[in-house]
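Scroll down for the structure; my scribbles are underneath it.
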Amino acid sequence: MDDQRKSENACMPALRFEGFTDPWEQRKLGEMYARSSEKNDGTIKGDRIISVATMKFNPEQRFSGKDYLQTYNIMRLGDIAFEGHHSKDFMYGRFVENTIGPGIISHIFDVFSPKGEYDLLYWKYAINLEKIMRPVLVKTTKASTMMHNLVASDFLEEEIPVPAVAEQQAIGSLFAKLDSLITLHQRKHDKLKTVKQSLLEKMFPKEGESEPEIRFEGFTDPWEQRKLGEVAGFTKGVGYSKSDIKKQGTPFIHYGRLYTSYQLAITSVDTFADEADGSIVSTGCEVITPSSGETAEDIAIATAVLSPGILLGGGLNVVLPDANLDSVFLALSISNGVQHRELAGKAQGKSVVHLYNDDLATSSLRLPILAEQQAIGALFAKIDSLITLHQRELDVLKNLKQALLEKMFV
């Protein structure tokens with residue numbers, strides 16, 4: 001009896017919708033899918049070529065002509081195809097399901113058609129989930145130079161746990177909604193980044209010009225050209241070793257953070273250290289730029305304004321704007337357009353390039369009056385805040401989806 005209970009528990013997910021209590025049934029893949037050998041007879045044209053990588057129609061994909069299209073396999077709604085390229089996420093290749101409608105795919109992909117009742121959305125996730133499919137593909141694929149080849153007869157003999165169709169429908173619907181929300185936030189995030197880039201190009205003067213294309217109402221004076229060293233002071237962050245990093249203490253930032261998270265304003269950090277003699281703690285007006293990196297472009301673009309109370313580590317050039325220079329405006333100027341290109345050109349080195357405070361001091365800036373600087377800085381700070389908001393929402397949704405994939409499938 002205990003062995004039976006253990007077996008039943010092994011076939012039930014950790015998290016289920018209310019009302020579903022039966023163990024999932026171990027079913028042979030050959031009971032649910034049959035290998036399809038349906039070839040294109042020429043009636044399906046090139047505009048219905050399916051990209052297996054993205055599961056989208058790819059009409060721009062190149063092909064040799066209509067005769068060659070007849071070598072393609074037909075893939076209908078609900079069919080699954082095996083794509084044998086291995087990656088860190090799919091060590092033995094992966095299956096994808098057709099959720100977009102009838103089309104054709106290259107003959108190099110094995111296609112299987114569903115048999116009996118099933119839920120389209122559930123199988124989109126189940127057949128692509130490494131947790132379920134890796135044990136199957138370990139036994140049913142053979143490695144070649146570039147990819148894994150599927151042994152179809154072996155694949156159809158393998159078993160996986162399957163819930164009743166009603167539970168399939170509930171699970172499939174949930175993940176489809178999650179994907180819809182992820183797509184929505186991704187679109188908003190991408191649109192805001194596009195808007196930001198467009199405004200950066202239009203709200204700062206182009207090469208050889210003294211005024212931007214777009215300005216806030218009420219500002220008409222030409223921008224003044226100055227050297228950064230005329231309107232700012234400079235210092236350096238203090239070096240710390242890995243052993244100095246702690247789980248609590250003063251919030252601490254070092255140059256590596258700037259390459260993993262390009263942010264106009266850094267308000268919080270996830271590392272800490274104790275203040276040492278000569279340490280510099282931000283007051284909220286400093287603009288930081290890394291002093292070394294892989295490329296000159298990375299160095300110049302990884303520029304940010306710090307919130308008060310953050311300890312400045314080594315490898316950071318620290319710019320201290322005077323009273324007539326807005327910090328956010330300065331960070332935008334350094335990391336975009338004409339100023340960015342000039343600063344990137346000053347970086348020295350090959351495999352690792354370096355940028356010094358002296359380079360920053362001699363860089364040219366186009367400066368409007370302080371009020372216009374502040375208006376521009378506030379606009380981009382707001383846009384960055386919205387971008388960050390959608391990125392956080394994306395991260396939350398993606399993490400939630402991953403956690404549910406682990407808990408709602410056996």
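Here's how to read the names in the structure tokens: chain A, B, ... by the order shown, residue numbers from 1 in each chain, ligand numbers from 1 in the order shown.
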Distance table requested - stretch 164-214 of chain A against stretch 332-343 of chain A, cut-off 8 Å, only C-alpha atoms: one row per qualifying residue with the closest atom pair and its distance in Å to one decimal, ordered by chain and rising residue number, as JSON lines.
```
{"residue": "A:Leu200", "atom": "CA", "partner": "A:Asn336", "partner_atom": "CA", "distance": 7.3}
{"residue": "A:Glu201", "atom": "CA", "partner": "A:Gly337", "partner_atom": "CA", "distance": 7.0}
{"residue": "A:Phe204", "atom": "CA", "partner": "A:Gly337", "partner_atom": "CA", "distance": 7.6}
{"residue": "A:Lys206", "atom": "CA", "partner": "A:Val338", "partner_atom": "CA", "distance": 6.8}
{"residue": "A:Glu207", "atom": "CA", "partner": "A:Val338", "partner_atom": "CA", "distance": 6.2}
```
Excluding stretch 212-217 of chain A and residues on its chain fewer than 2 positions from it, collect all residues at most 9 Å away from it, counting only C-alpha atoms, and give them as a list in words.
-> Leu199, Glu201, Lys202, Met203, Phe204, Pro205, Lys206, Glu209, Ser210, Phe219, Thr220, Pro222, Trp223, Glu372, Ala375 and Ile376 of chain A
Could you give me the residues within stretch 35-121 of chain A that DSSP places in helix (DSSP H, G or I), as a PyMOL selection string?
-> chain A and resi 46-48+66-69+120-121
Could you pull out the residues in stretch 295-410 of chain A that DSSP calls strand (DSSP E) from the backbone, as a VMD selection string?
-> chain A and resid 304 to 306 311 to 312 316 to 321 348 to 349 353 to 354 364 to 367
What does the file look like for those residues with C-alpha atoms, as a tab-separated table (two decimals), in the first residue's frame?
```tsv
chain	number	residue	atom	x	y	z
A	304	ALA	CA	25.12	56.87	-14.05
A	305	VAL	CA	23.99	59.21	-11.31
A	306	LEU	CA	24.03	57.80	-7.78
A	311	LEU	CA	29.98	53.75	-1.22
A	312	LEU	CA	32.13	54.24	-4.34
A	316	LEU	CA	35.31	54.49	-10.97
A	317	ASN	CA	35.90	57.98	-12.32
A	318	VAL	CA	33.75	60.30	-10.21
A	319	VAL	CA	32.55	63.58	-11.71
A	320	LEU	CA	31.38	66.33	-9.34
A	321	PRO	CA	29.21	68.82	-11.28
A	348	GLN	CA	43.27	53.88	-24.47
A	349	GLY	CA	44.29	50.24	-24.65
A	353	VAL	CA	40.72	49.94	-22.54
A	354	HIS	CA	41.12	52.71	-19.98
A	364	SER	CA	33.46	68.93	-24.90
A	365	LEU	CA	29.87	69.50	-23.82
A	366	ARG	CA	26.99	71.42	-25.33
A	367	LEU	CA	25.17	73.04	-22.40
```
If you take only C-alpha atoms and a cut-off of 12 Å, which residues of stretch 75-125 of chain A touch stretch 24-31 of chain A, and what are their nearest atom pairs and distances in Å to one decimal, in chain and number order, as JSON lines?
```
{"residue": "A:Ile80", "atom": "CA", "partner": "A:Leu29", "partner_atom": "CA", "distance": 11.8}
{"residue": "A:Phe112", "atom": "CA", "partner": "A:Gly30", "partner_atom": "CA", "distance": 9.7}
{"residue": "A:Ser113", "atom": "CA", "partner": "A:Gly30", "partner_atom": "CA", "distance": 10.2}
{"residue": "A:Pro114", "atom": "CA", "partner": "A:Glu31", "partner_atom": "CA", "distance": 8.9}
{"residue": "A:Lys115", "atom": "CA", "partner": "A:Glu31", "partner_atom": "CA", "distance": 7.1}
{"residue": "A:Gly116", "atom": "CA", "partner": "A:Glu31", "partner_atom": "CA", "distance": 8.6}
{"residue": "A:Glu117", "atom": "CA", "partner": "A:Glu31", "partner_atom": "CA", "distance": 11.2}
{"residue": "A:Tyr118", "atom": "CA", "partner": "A:Glu31", "partner_atom": "CA", "distance": 11.8}
```
Shell of 12 Å around A:Lys236, only C-alpha atoms, local chain residues under 5 positions omitted, as a ChimeraX atom specification | /A:254-255,278-282,286-291,311-320,355-358
Shell around A:Gln248 at 9 Å using only C-alpha atoms, local window under 5 positions removed, as a list in words =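 Answer for this query is Thr271, Phe272, Ala273 and Asp274 of chain A.
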Return the single residue from A:Ile49, A:Ile182, A:Ile310, A:Ile105 that is closest to A:Asn399, with distances computed using only C-alpha atoms.
-> A:Ile182
Polymer residues at most 8 Å from stretch 190-197 of chain A, only C-alpha atoms, same-chain spacing of 5 or more positions, as a list in words | Phe380, Ile383, Leu386 and Ile387 of chain A
Let me see the file: selected residues, C-alpha atoms, as an mmCIF file, in the first residue's frame.
```cif
data_model
loop_
_atom_site.group_PDB
_atom_site.id
_atom_site.type_symbol
_atom_site.label_atom_id
_atom_site.label_comp_id
_atom_site.auth_asym_id
_atom_site.auth_seq_id
_atom_site.Cartn_x
_atom_site.Cartn_y
_atom_site.Cartn_z
ATOM 1 C CA PHE A 380 14.594 61.059 -19.214
ATOM 2 C CA ILE A 383 11.257 57.478 -18.993
ATOM 3 C CA LEU A 386 9.024 53.505 -16.556
ATOM 4 C CA ILE A 387 11.502 51.279 -18.390
#
```
How far is it from atom CA of A:Ile50 to atom CA of A:Thr99, in Å with one decimal?
->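 Interatomic distance here is 10.9 Å.
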Of the residues A:Gly172, A:Asp110, A:Phe90, A:Ala323, which is the one nearest to A:Ala126, using only C-alpha atoms?
->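 Using only C-alpha atoms, the shortest distance to A:Ala126 belongs to A:Gly172.
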Exercise: A:Val151 partners within 12 Å, only C-alpha atoms, chain neighbours under 6 positions left out, as a ChimeraX atom specification = /A:35,82,84,109-110,136-143,157-158
